[in-house]
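Visitor: Quick one: structure below, then a few questions.
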Amino acid sequence: ATPPHIVILATGGTIAGQGASSEQTTGYKAGVVGVDQLIQAVPELKHVANVSGEQVFNMASEDMSTSQIAALSARVNALLARSDVDGVVITHGTDTIEETAYYLDLTVNSEKPVVMTASMRPSTAISADGPMNLLEAVRVAANPNAGGRGVMVVLNDRIGAARFVTKSNTTALDTFKAPEEGYMGRIVGPDVVFDYHPDRLHTTHSAFAGMTSSKQPNVIILSGYQDDPGFLFDAAIAQHVDGIVFAGPGAGSVSSRSREGMQRAIAKGITIVRTSRTGSGNTPTDPQLPGVVADSLNAPKARILLLLALQKTHDTHQLQTWFHTH
Ligand SMILES: NC(=O)CC[C@H](N)C(=O)O
């Protein structure tokens, strides 16, 4: 059989990072090394798939914009629509990979595998994790059972679901975790082992599959804490934002000052989504609090869903349904 054709889309991050010495694992420059060099560093890829590379961006992911991830989504959809492409692997910075991964999970209109990967150590470091992560990501994308599982995030021998996985540690290699849901599978030597499918609407079943957006809504994130000031809501109103994701303490509680701020924002037609700053668990609805709840999405992922959803509706019932199903 002919090996699967996997396209590697490179966007930057530490996997393409360069330090001054092999010992430098912080303060290096992300998004330097080009896609051809990334592929050349892993000759083993040839044993797994027929790979081709494309440089989409070469940047640190904290600078990634919504228009850039929308363009990435359009590129992935165009590639996967081709009969000669079997899957896509995307290299990305770890800092916001969970946001891009979830955006793609919601907008890719294909059952073919989309696997994102990254690294925690720059390409120049001792025991750089990028080459193995790239090989394992391609192993997953080339696996015949990898389709229809939504966008996957592969690092450190684990396969995480875009919907659930989050960066949990600033510097550790095993930083990607899903505290409640765990991993959907793992890589054991040459073998890709899948355990389950995420039970959330994604890719071809998502309400946003194939969505192309010319104008992105402006959705910001505010956080709750002791003495949080209500004036941040007024700043958001003055900037004409479309939506505010509020990461409250505990189960998404809201101080009296922020509650009043929320009411002022809602009166101006701004959509409020409440989530929790705790890092895991659902944010329950509360008849005494305004806004839609984010289900178990963290604030950055809730922002991604909200900016897609607001392009279709401002109806809070519909928005709430999407937050509970995607
Ligand atoms: N480990 C990383 O990839 C972080 C590098 C950089 N801050 C980024 O997200 O692109």
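To be explicit about the labels: the chains of the structure tokens are called A, B, and onward in the order shown, and within each one the residues are counted from 1, while ligands get numbers from 1 in the order they are shown.
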Show me which residues line ligand 1, defined as having an atom within 10 Å of a ligand atom where only C-alpha atoms and all ligand atoms count, and present them as a short mmCIF file (atom, residue, chain, number, x, y, z; two decimals) with C-alpha atoms, in the first residue's frame.
Guide:
data_model
loop_
_atom_site.label_atom_id
_atom_site.label_comp_id
_atom_site.auth_asym_id
_atom_site.auth_seq_id
_atom_site.Cartn_x
_atom_site.Cartn_y
_atom_site.Cartn_z
CA THR A 11 3.31 28.01 12.50
CA GLY A 12 6.25 28.52 14.88
CA GLY A 13 6.61 28.06 18.63
CA THR A 14 9.38 26.46 20.66
CA ILE A 15 9.45 23.42 18.38
CA ALA A 16 10.91 25.90 15.88
CA GLY A 17 12.82 27.75 18.59
CA THR A 25 15.58 26.13 27.80
CA THR A 26 14.09 29.50 28.78
CA GLY A 27 14.49 32.93 27.19
CA TYR A 28 15.29 31.46 23.74
CA LYS A 29 13.61 32.74 20.56
CA ALA A 30 10.48 30.87 19.39
CA GLY A 31 9.43 30.57 15.74
CA ASN A 58 6.73 31.35 12.03
CA MET A 59 5.84 33.08 15.25
CA ALA A 60 5.34 32.85 18.98
CA SER A 61 1.79 31.71 19.62
CA GLU A 62 1.01 34.48 22.13
CA ASP A 63 0.94 36.79 19.09
CA MET A 64 -1.46 34.59 17.10
CA THR A 91 3.26 22.63 14.64
CA HIS A 92 2.46 25.52 17.00
CA GLY A 93 3.62 27.31 20.14
CA THR A 94 2.41 25.64 23.32
CA ASP A 95 1.19 28.85 24.97
CA THR A 96 -2.01 29.16 22.93
CA ILE A 97 -2.12 25.83 21.09
CA THR A 117 2.02 19.24 18.09
CA ALA A 118 4.57 21.47 19.80
CA SER A 119 7.48 21.25 22.19
CA MET A 120 8.64 22.62 25.50
CA ARG A 121 12.36 22.65 24.71
CA PRO A 122 13.77 24.57 21.76
CA GLY A 130 10.19 18.48 19.32
CA LYS A 167 -1.39 23.73 29.28
CA THR A 170 4.84 26.66 32.68
CA THR A 171 7.95 24.63 31.86
CA ALA A 172 7.41 20.88 32.40
CA LEU A 173 7.40 18.53 29.42
CA THR A 175 2.33 20.12 30.65
#
Visitor: Do a neighbour search on Pro179 (chain A) at 10 Å with only C-alpha atoms, toss out local chain neighbours closer than 4 positions, and write the hits as a PDB file with C-alpha atoms, in the first residue's frame.
Guide:
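In the end it all went to out_8.pdb:
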ATOM      1  CA  PHE A 164     -10.317  19.320  26.826  1.00  0.00           C
ATOM      2  CA  VAL A 165      -6.559  19.593  26.827  1.00  0.00           C
ATOM      3  CA  THR A 166      -4.903  22.585  28.483  1.00  0.00           C
ATOM      4  CA  SER A 168      -1.050  23.062  33.007  1.00  0.00           C
ATOM      5  CA  TYR A 183      -6.297  11.569  27.291  1.00  0.00           C
ATOM      6  CA  GLY A 279      -8.985  25.276  35.903  1.00  0.00           C
ATOM      7  CA  SER A 280     -11.417  22.377  36.021  1.00  0.00           C
ATOM      8  CA  GLY A 281     -15.078  21.546  36.441  1.00  0.00           C
TER       9      GLY A 281
END
Visitor: Please provide as a ChimeraX atom specification all residues within 12 Å of region 267-269 of chain A, with the sequence filter that same-chain residues fewer than 6 positions apart are discarded (counting only C-alpha atoms).
Guide: /A:233-234,236-244,260-261,290-291,310,314-316
Visitor: Name the closest residue to Gln55 (chain A) among the candidates A:Gln37, A:Thr203, A:Thr212, A:Ser67; distances are taken between atoms, counting only C-alpha atoms.
Guide: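 Selected residue with least distance to Gln55 (chain A): A:Gln37.
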Visitor: What's the separation between CA of Ala161 (chain A) and CA of Met184 (chain A), in Å to one decimal place?
Guide: 6.5 Å
Visitor: Going by DSSP on the backbone, which residues of region 78-144 of chain A come out as helix (DSSP H, G or I)? List them as a ChimeraX atom specification.
Guide: /A:78-80,97-107,130-142
Visitor: For His5 (chain A), which of A:Leu104, A:Val188, A:Val138, A:Leu72 is the closest residue, counting only C-alpha atoms?
Guide: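 Residue with the minimum atom-to-atom distance to His5 (chain A): A:Val138.
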Visitor: Restricting the calculation to only C-alpha atoms: of A:Val114, A:Ile266, A:Leu307, A:Ala128, which residue gets closest to Val85 (chain A)?
Guide: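 For Val85 (chain A), the nearest of the given residues is A:Val114.
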Visitor: Using only C-alpha atoms for the distances, tell me which of A:Gln40, A:Asn50, A:Ile6, A:Gly34 is nearest to Val115 (chain A).
Guide: A:Ile6
Visitor: Excluding same-chain residues fewer than 2 positions from Tyr102 (chain A), what lies within 7 Å of it counting only C-alpha atoms, as a VMD selection string?
Guide: chain A and resid 98 to 100 104 to 106 162 to 163 301
Visitor: Taking only C-alpha atoms into account, which of A:Gly53, A:Gly19, A:Pro300, A:Gly252 comes nearest Asp286 (chain A)?
Guide: A:Gly252
Visitor: Could you name the residues that touch Asn143 (chain A) at 10 Å or less, counting only C-alpha atoms, but leaving out those on the same chain fewer than 6 positions away, as a compact mmCIF listing (two decimals) with N, CA and C atoms, in the first residue's frame?
Guide:
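Produced file out05.txt, reproduced below:
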# COMPACT_ATOMS: atom_id res chain seq x y z
N PRO A 4 0.43 6.95 3.62
CA PRO A 4 -0.46 8.12 3.62
C PRO A 4 0.31 9.42 3.39
N VAL A 48 6.98 6.43 8.13
CA VAL A 48 5.60 6.49 8.63
C VAL A 48 4.64 7.02 7.58
N ALA A 49 5.11 7.99 6.82
CA ALA A 49 4.21 8.68 5.88
C ALA A 49 5.02 9.37 4.80
N ASP A 86 -4.15 12.89 3.17
CA ASP A 86 -4.82 11.98 4.11
C ASP A 86 -4.93 12.54 5.51
N GLY A 87 -4.14 13.55 5.82
CA GLY A 87 -4.20 14.13 7.16
C GLY A 87 -3.27 15.32 7.24
N PRO A 113 -7.83 13.07 9.85
CA PRO A 113 -7.16 13.50 11.08
C PRO A 113 -6.45 14.85 10.98
N ALA A 137 3.21 12.78 16.27
CA ALA A 137 2.04 13.45 15.67
C ALA A 137 1.77 12.88 14.28
N ASP A 191 3.31 2.13 18.05
CA ASP A 191 1.86 1.91 18.05
C ASP A 191 1.08 3.12 18.55
N VAL A 192 -0.02 3.38 17.87
CA VAL A 192 -0.96 4.42 18.31
C VAL A 192 -2.14 3.71 18.95
N VAL A 193 -2.42 4.04 20.21
CA VAL A 193 -3.49 3.37 20.95
C VAL A 193 -4.58 4.40 21.24
Visitor: I'd like to know which of A:Ile39, A:Ala101, A:Ala10, A:Ile90 is closest to Glu54 (chain A), using only C-alpha atoms.
Guide: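 Residue with the minimum atom-to-atom distance to Glu54 (chain A): A:Ala10.
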Visitor: When DSSP is applied to the backbone of this structure, which of region 61-158 of chain A are assigned strand (DSSP E)? Write them out as a list in words.
Guide: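 Secondary structure check on region 61-158 of chain A, strand (DSSP E): Gly87, Val88, Val89, Ile90, Thr91, Val114, Val115, Met116, Thr117, Met152, Val153, Val154, Leu155 and Arg158 of chain A.
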